[in-house]
Amino acid sequence: MRMYVMPPQRTEARPTGNRAGWTLIGPGFAAIIGLAMLTAVYRTDGKSAIQFEFHMSGQAVLLTCVVAYLVAAIAAAGLGFVLGARFPTAVTLPAIVLMLIGAALTALAAGSAMLLPGRVLDGLGTGAAAGVTAALVLRLNARRGIAAAVTAALGVLAALIAPVVAQLISDATSFRMAYLAAIPFLLIALIVSAVSGIASTERHVHSAPYGTPYPSQGPAQYPNPAPYGTPYPPQGPPPQHPNPAPYGTPYPPQAPPS
């Protein structure tokens, strides 16, 4: 009787802490840039260079540049959180591309009609990157609290510094250069996301996660390949003994005594 060992079924391994740490760099950097572009609309005095450039009211600037940005970011954050847990790089790269297009449209806008799509695209990309960042932070083990604190601190710092930097750039040139200045940083985030995604994938493949089936092998061959229960081959006649009569054969009859 041959015995077969069933190989264990392949189970999809969830991203480990090291893999999540690698892939956290790109979306985290992109989310920080997105927060900076959110607050860069206003100056330190509460006014907006866009308001003076396009002769818009303060309420129109608030709705077009801030509210539309936040609504798009909140809508994309949930999708980025759900999909980013399984496909972080595949979600982060399109999010950064949306932010690049949005920053370019905002910088080259000739009016509010072109300004609104740029801000919406920036919000979508920022929300998706923030959702991926939150999903990857939750996948970390012992460093979860440190990663969350560092990412949140950098995001708040970028949001506070952005109005000051944007005002300096706007006073020296125009508000358009403030958004064009974000494009090199977004390109860096795009490259970092691609490289960290490739590196984490290679580390995940070479680590041979649990649940990978063993390579198939043929049945084991024993010295006697005949299975158990097979009768022995027939042999010759039984050996002859001096008294060939089998046990239990009666003695020959004898004459009665006289």
# chains A, B, ... in the order shown; residues from 1 in each chain; ligands from 1

call {"tool": "closest_atom_pairs", "arguments": {"of": "range 109-219 of chain A", "to": "range 25-49 of chain A", "cutoff": "7 Å", "atoms": "only C-alpha atoms", "output": "tab-separated table"}}
result
residue	atom	partner	partner_atom	distance
A:Thr126	CA	A:Gly34	CA	5.0
A:Ala129	CA	A:Pro27	CA	4.9
A:Ala130	CA	A:Ala31	CA	5.2
A:Val132	CA	A:Pro27	CA	6.5
A:Thr133	CA	A:Gly28	CA	5.5
A:Thr151	CA	A:Gly28	CA	6.8
A:Leu154	CA	A:Ile32	CA	6.8
A:Gly155	CA	A:Ile32	CA	4.8
A:Ala158	CA	A:Ala36	CA	5.2
A:Ala159	CA	A:Ala36	CA	4.6
A:Ala162	CA	A:Ala40	CA	5.1
A:Pro163	CA	A:Ala40	CA	4.6
A:Val164	CA	A:Thr44	CA	6.1
A:Ala166	CA	A:Ala40	CA	5.7
A:Gln167	CA	A:Arg43	CA	5.5
A:Phe175	CA	A:Ala49	CA	6.2
A:Leu186	CA	A:Ala30	CA	6.6
A:Ala189	CA	A:Gly26	CA	5.3
A:Leu190	CA	A:Gly26	CA	6.9
A:Val192	CA	A:Gly26	CA	5.4
A:Ser193	CA	A:Gly26	CA	4.1

call {"tool": "select_by_dssp", "arguments": {"residues": "range 15-200 of chain A", "states": "alpha helix (DSSP H)", "output": "PyMOL selection string"}}
result
chain A and resi 17-39+49-54+58-61+68-84+88-107+112-139+144-172+175-180+182-200

call {"tool": "closest_atom_pairs", "arguments": {"of": "range 135-203 of chain A", "to": "range 90-104 of chain A", "cutoff": "12 Å", "atoms": "only C-alpha atoms", "output": "JSON lines"}}
result
{"residue": "A:Ala135", "atom": "CA", "partner": "A:Val91", "partner_atom": "CA", "distance": 11.7}
{"residue": "A:Leu136", "atom": "CA", "partner": "A:Thr92", "partner_atom": "CA", "distance": 11.6}
{"residue": "A:Phe175", "atom": "CA", "partner": "A:Ala103", "partner_atom": "CA", "distance": 11.7}
{"residue": "A:Arg176", "atom": "CA", "partner": "A:Ala104", "partner_atom": "CA", "distance": 9.0}
{"residue": "A:Met177", "atom": "CA", "partner": "A:Ala104", "partner_atom": "CA", "distance": 10.1}
{"residue": "A:Ala178", "atom": "CA", "partner": "A:Ala103", "partner_atom": "CA", "distance": 9.5}
{"residue": "A:Tyr179", "atom": "CA", "partner": "A:Ala103", "partner_atom": "CA", "distance": 5.7}
{"residue": "A:Leu180", "atom": "CA", "partner": "A:Ala104", "partner_atom": "CA", "distance": 6.6}
{"residue": "A:Ala181", "atom": "CA", "partner": "A:Ala103", "partner_atom": "CA", "distance": 9.2}
{"residue": "A:Ala182", "atom": "CA", "partner": "A:Ala103", "partner_atom": "CA", "distance": 7.3}
{"residue": "A:Ile183", "atom": "CA", "partner": "A:Leu100", "partner_atom": "CA", "distance": 6.1}
{"residue": "A:Pro184", "atom": "CA", "partner": "A:Leu100", "partner_atom": "CA", "distance": 9.3}
{"residue": "A:Phe185", "atom": "CA", "partner": "A:Leu100", "partner_atom": "CA", "distance": 9.7}
{"residue": "A:Leu186", "atom": "CA", "partner": "A:Leu100", "partner_atom": "CA", "distance": 6.6}
{"residue": "A:Leu187", "atom": "CA", "partner": "A:Leu100", "partner_atom": "CA", "distance": 7.9}
{"residue": "A:Ile188", "atom": "CA", "partner": "A:Ile96", "partner_atom": "CA", "distance": 10.0}
{"residue": "A:Ala189", "atom": "CA", "partner": "A:Ile96", "partner_atom": "CA", "distance": 7.5}
{"residue": "A:Leu190", "atom": "CA", "partner": "A:Leu93", "partner_atom": "CA", "distance": 6.2}
{"residue": "A:Ile191", "atom": "CA", "partner": "A:Leu93", "partner_atom": "CA", "distance": 9.0}
{"residue": "A:Val192", "atom": "CA", "partner": "A:Leu93", "partner_atom": "CA", "distance": 9.9}
{"residue": "A:Ser193", "atom": "CA", "partner": "A:Leu93", "partner_atom": "CA", "distance": 6.9}
{"residue": "A:Ala194", "atom": "CA", "partner": "A:Leu93", "partner_atom": "CA", "distance": 7.3}
{"residue": "A:Val195", "atom": "CA", "partner": "A:Leu93", "partner_atom": "CA", "distance": 11.0}
{"residue": "A:Ser196", "atom": "CA", "partner": "A:Thr92", "partner_atom": "CA", "distance": 11.3}
{"residue": "A:Gly197", "atom": "CA", "partner": "A:Ala90", "partner_atom": "CA", "distance": 8.8}
{"residue": "A:Ile198", "atom": "CA", "partner": "A:Ala90", "partner_atom": "CA", "distance": 11.0}

call {"tool": "atom_distance", "arguments": {"atom1": "CA of Ser174 in chain A", "atom2": "CA of Val61 in chain A"}}
result
16.9 Å

call {"tool": "closest_residue", "arguments": {"among": "A:Thr64, A:Thr173, A:Thr89, A:Thr201", "to": "Gly118 in chain A", "atoms": "only C-alpha atoms"}}
result
A:Thr64

call {"tool": "atom_distance", "arguments": {"atom1": "CA of Ala110 in chain A", "atom2": "CA of Ile169 in chain A"}}
result
19.1 Å

call {"tool": "atom_distance", "arguments": {"atom1": "CA of Leu62 in chain A", "atom2": "CA of Leu160 in chain A"}}
result
17.6 Å
